[in-house]
Amino acid sequence: METVIADTGFVVALLNQTDRRHLDVQPIYLQYPKILLPKTVFVEVAYLIGRDAGIPTTIAFLRNIQKSRFQPIDLIDQDLDRIADILEQYLDSRVDFVDASVMAIAERCNIKTVLTLDQRDFRLFRPNHCDAFTLLP
């Protein structure tokens with residue numbers, strides 16, 4: 001089974017049962033045994049989940065990450081250069097750091113499927129290793 005990578009919105013919708021996209025993302029999460037989750041995404045997830053679903057939900061997420069399908073992944077030095085390239089190339093489009101980090105890690109790991117609710121930024125981006133990302137949901 002292919003390895004996929006997740007962006008913030010997907011994780012937030014999965015964790016927050018009151019999120020309007022929760023039912024859209026849940027079956028996709030269950031479809032993949034391994035989902036890379038950049039550690040850069042954790043900051044946005046913790047903030048948004050804490051704000052919208054409460055800090056206890058954030059705590060539960062962090063305590064259970066090792067039992068989940070999510071596999072945390074760090075940035076490496078080459079990712080930082082690639083993130084800077086992406087931010088510079090898409091400066092007018094206002095792609096943000098976390099999205100660029102997901103894009104850079106996906107390229108490095110040869111991942112073609114991104115679990116995201118951010119269709120705009122990820123459709124705009126042209127990865128080096130494929131024509132375009134497959135975006136789910």
# chains A, B, ... in the order shown; residues from 1 in each chain; ligands from 1
call {"tool": "closest_atom_pairs", "arguments": {"of": "stretch 84-136 of chain A", "to": "stretch 3-22 of chain A", "cutoff": "9 Å", "atoms": "only C-alpha atoms", "output": "tab-separated table"}}
result
residue	atom	partner	partner_atom	distance
A:Val98	CA	A:Asp7	CA	8.1
A:Asp99	CA	A:Asp7	CA	7.1
A:Val102	CA	A:Asp7	CA	6.7
A:Ile105	CA	A:Ile5	CA	8.5
A:Ala106	CA	A:Ile5	CA	6.8
A:Cys109	CA	A:Thr3	CA	9.0
A:Ile111	CA	A:Val4	CA	6.0
A:Lys112	CA	A:Val4	CA	7.1
A:Thr113	CA	A:Val4	CA	5.3
A:Val114	CA	A:Ile5	CA	5.1
A:Leu115	CA	A:Ala6	CA	4.6
A:Thr116	CA	A:Phe10	CA	5.0
A:Leu117	CA	A:Gly9	CA	5.4
A:Asp118	CA	A:Gly9	CA	7.0
A:Leu136	CA	A:Phe10	CA	8.9
call {"tool": "residues_around", "arguments": {"residues": "A:Leu124", "least_positions_apart": "2", "cutoff": "10 Å", "atoms": "only C-alpha atoms", "output": "MDAnalysis selection string"}}
result
chainID A and resid 90 93 95 119:122 126:127 132:133
call {"tool": "residues_around", "arguments": {"residues": "stretch 78-86 of chain A", "least_positions_apart": "3", "cutoff": "7 Å", "atoms": "only C-alpha atoms", "output": "list in words"}}
result
Leu75, Gln89, Tyr90, Ala100, Ser101, Ala104 and Ile105 of chain A
call {"tool": "write_last_selection", "arguments": {"atoms": "N, CA and C atoms", "output": "PDB file, in the first residue's frame"}}
result
ATOM      1  N   LEU A  75      11.799  17.358   9.606  1.00  0.00           N
ATOM      2  CA  LEU A  75      12.454  18.024   8.488  1.00  0.00           C
ATOM      3  C   LEU A  75      13.936  17.677   8.534  1.00  0.00           C
ATOM      4  N   GLN A  89       9.098  30.629  -4.905  1.00  0.00           N
ATOM      5  CA  GLN A  89       8.441  30.397  -6.197  1.00  0.00           C
ATOM      6  C   GLN A  89       6.964  30.770  -6.157  1.00  0.00           C
ATOM      7  N   TYR A  90       6.306  30.536  -5.031  1.00  0.00           N
ATOM      8  CA  TYR A  90       4.870  30.779  -4.913  1.00  0.00           C
ATOM      9  C   TYR A  90       4.572  31.975  -4.012  1.00  0.00           C
ATOM     10  N   ALA A 100       4.289  24.298   2.636  1.00  0.00           N
ATOM     11  CA  ALA A 100       5.545  24.099   1.898  1.00  0.00           C
ATOM     12  C   ALA A 100       6.353  22.956   2.508  1.00  0.00           C
ATOM     13  N   SER A 101       6.296  22.790   3.820  1.00  0.00           N
ATOM     14  CA  SER A 101       7.018  21.685   4.455  1.00  0.00           C
ATOM     15  C   SER A 101       6.401  20.339   4.069  1.00  0.00           C
ATOM     16  N   ALA A 104       7.595  19.696   0.517  1.00  0.00           N
ATOM     17  CA  ALA A 104       9.011  19.321   0.452  1.00  0.00           C
ATOM     18  C   ALA A 104       9.233  17.887   0.923  1.00  0.00           C
ATOM     19  N   ILE A 105       8.594  17.507   2.011  1.00  0.00           N
ATOM     20  CA  ILE A 105       8.740  16.135   2.510  1.00  0.00           C
ATOM     21  C   ILE A 105       8.120  15.146   1.532  1.00  0.00           C
TER      22      ILE A 105
END
call {"tool": "select_by_dssp", "arguments": {"residues": "stretch 46-101 of chain A", "states": "strand (DSSP E or B)", "output": "list in words"}}
result
Phe70, Gln71, Pro72 and Ile73 of chain A
call {"tool": "atom_distance", "arguments": {"atom1": "atom CA of A:Met1", "atom2": "atom CA of A:Ile35"}}
result
10.8 Å
call {"tool": "select_by_dssp", "arguments": {"residues": "chain A", "states": "helix (DSSP H, G or I)", "output": "ChimeraX atom specification"}}
result
/A:8-15,22-31,39-52,55-67,77-89,91-93,97-108,119-124
call {"tool": "closest_residue", "arguments": {"among": "A:Ser68, A:Thr40, A:Leu30, A:Thr134", "to": "A:Asp96", "atoms": "only C-alpha atoms"}}
result
A:Thr40
call {"tool": "residues_around", "arguments": {"residues": "A:Ala60", "least_positions_apart": "6", "cutoff": "12 Å", "atoms": "only C-alpha atoms", "output": "list in words"}}
result
Leu15, Asn16, Ala46, Ile49, Gly50, Ala53, Gly54, Gln66, Lys67 and Ser68 of chain A
call {"tool": "write_last_selection", "arguments": {"atoms": "N, CA, C and O atoms", "output": "PDB file, in the first residue's frame"}}
result
ATOM      1  N   LEU A  15      -9.793  14.696  14.047  1.00  0.00           N
ATOM      2  CA  LEU A  15      -9.817  14.719  15.515  1.00  0.00           C
ATOM      3  C   LEU A  15     -11.048  15.392  16.089  1.00  0.00           C
ATOM      4  O   LEU A  15     -11.506  15.038  17.175  1.00  0.00           O
ATOM      5  N   ASN A  16     -11.578  16.377  15.371  1.00  0.00           N
ATOM      6  CA  ASN A  16     -12.716  17.152  15.876  1.00  0.00           C
ATOM      7  C   ASN A  16     -14.006  16.574  15.290  1.00  0.00           C
ATOM      8  O   ASN A  16     -14.354  16.832  14.141  1.00  0.00           O
ATOM      9  N   ALA A  46      -2.271  21.353  17.045  1.00  0.00           N
ATOM     10  CA  ALA A  46      -2.448  21.597  18.482  1.00  0.00           C
ATOM     11  C   ALA A  46      -3.202  22.896  18.725  1.00  0.00           C
ATOM     12  O   ALA A  46      -4.114  22.948  19.559  1.00  0.00           O
ATOM     13  N   ILE A  49      -7.017  22.427  17.235  1.00  0.00           N
ATOM     14  CA  ILE A  49      -7.794  21.475  18.029  1.00  0.00           C
ATOM     15  C   ILE A  49      -8.026  22.025  19.429  1.00  0.00           C
ATOM     16  O   ILE A  49      -9.126  21.918  19.972  1.00  0.00           O
ATOM     17  N   GLY A  50      -6.995  22.611  20.014  1.00  0.00           N
ATOM     18  CA  GLY A  50      -7.160  23.208  21.339  1.00  0.00           C
ATOM     19  C   GLY A  50      -8.224  24.290  21.340  1.00  0.00           C
ATOM     20  O   GLY A  50      -9.058  24.365  22.246  1.00  0.00           O
ATOM     21  N   ALA A  53     -11.807  22.167  19.748  1.00  0.00           N
ATOM     22  CA  ALA A  53     -12.311  20.949  20.400  1.00  0.00           C
ATOM     23  C   ALA A  53     -11.859  20.837  21.850  1.00  0.00           C
ATOM     24  O   ALA A  53     -12.326  19.952  22.555  1.00  0.00           O
ATOM     25  N   GLY A  54     -10.943  21.709  22.247  1.00  0.00           N
ATOM     26  CA  GLY A  54     -10.493  21.711  23.635  1.00  0.00           C
ATOM     27  C   GLY A  54      -9.131  21.072  23.819  1.00  0.00           C
ATOM     28  O   GLY A  54      -8.739  20.169  23.073  1.00  0.00           O
ATOM     29  N   GLN A  66       1.479   7.443  18.862  1.00  0.00           N
ATOM     30  CA  GLN A  66       2.226   6.212  18.567  1.00  0.00           C
ATOM     31  C   GLN A  66       1.295   5.033  18.263  1.00  0.00           C
ATOM     32  O   GLN A  66       1.706   4.080  17.603  1.00  0.00           O
ATOM     33  N   LYS A  67       0.059   5.096  18.728  1.00  0.00           N
ATOM     34  CA  LYS A  67      -0.912   4.031  18.472  1.00  0.00           C
ATOM     35  C   LYS A  67      -1.724   4.299  17.208  1.00  0.00           C
ATOM     36  O   LYS A  67      -2.510   3.462  16.782  1.00  0.00           O
ATOM     37  N   SER A  68      -1.562   5.483  16.639  1.00  0.00           N
ATOM     38  CA  SER A  68      -2.353   5.876  15.474  1.00  0.00           C
ATOM     39  C   SER A  68      -1.677   5.411  14.186  1.00  0.00           C
ATOM     40  O   SER A  68      -0.608   4.811  14.209  1.00  0.00           O
TER      41      SER A  68
END
call {"tool": "atom_distance", "arguments": {"atom1": "atom CA of A:Glu2", "atom2": "atom CA of A:Leu23"}}
result
22.3 Å
call {"tool": "closest_residue", "arguments": {"among": "A:Phe70, A:Asn128, A:Phe97, A:Ile65", "to": "A:Pro33", "atoms": "only C-alpha atoms"}}
result
A:Phe70
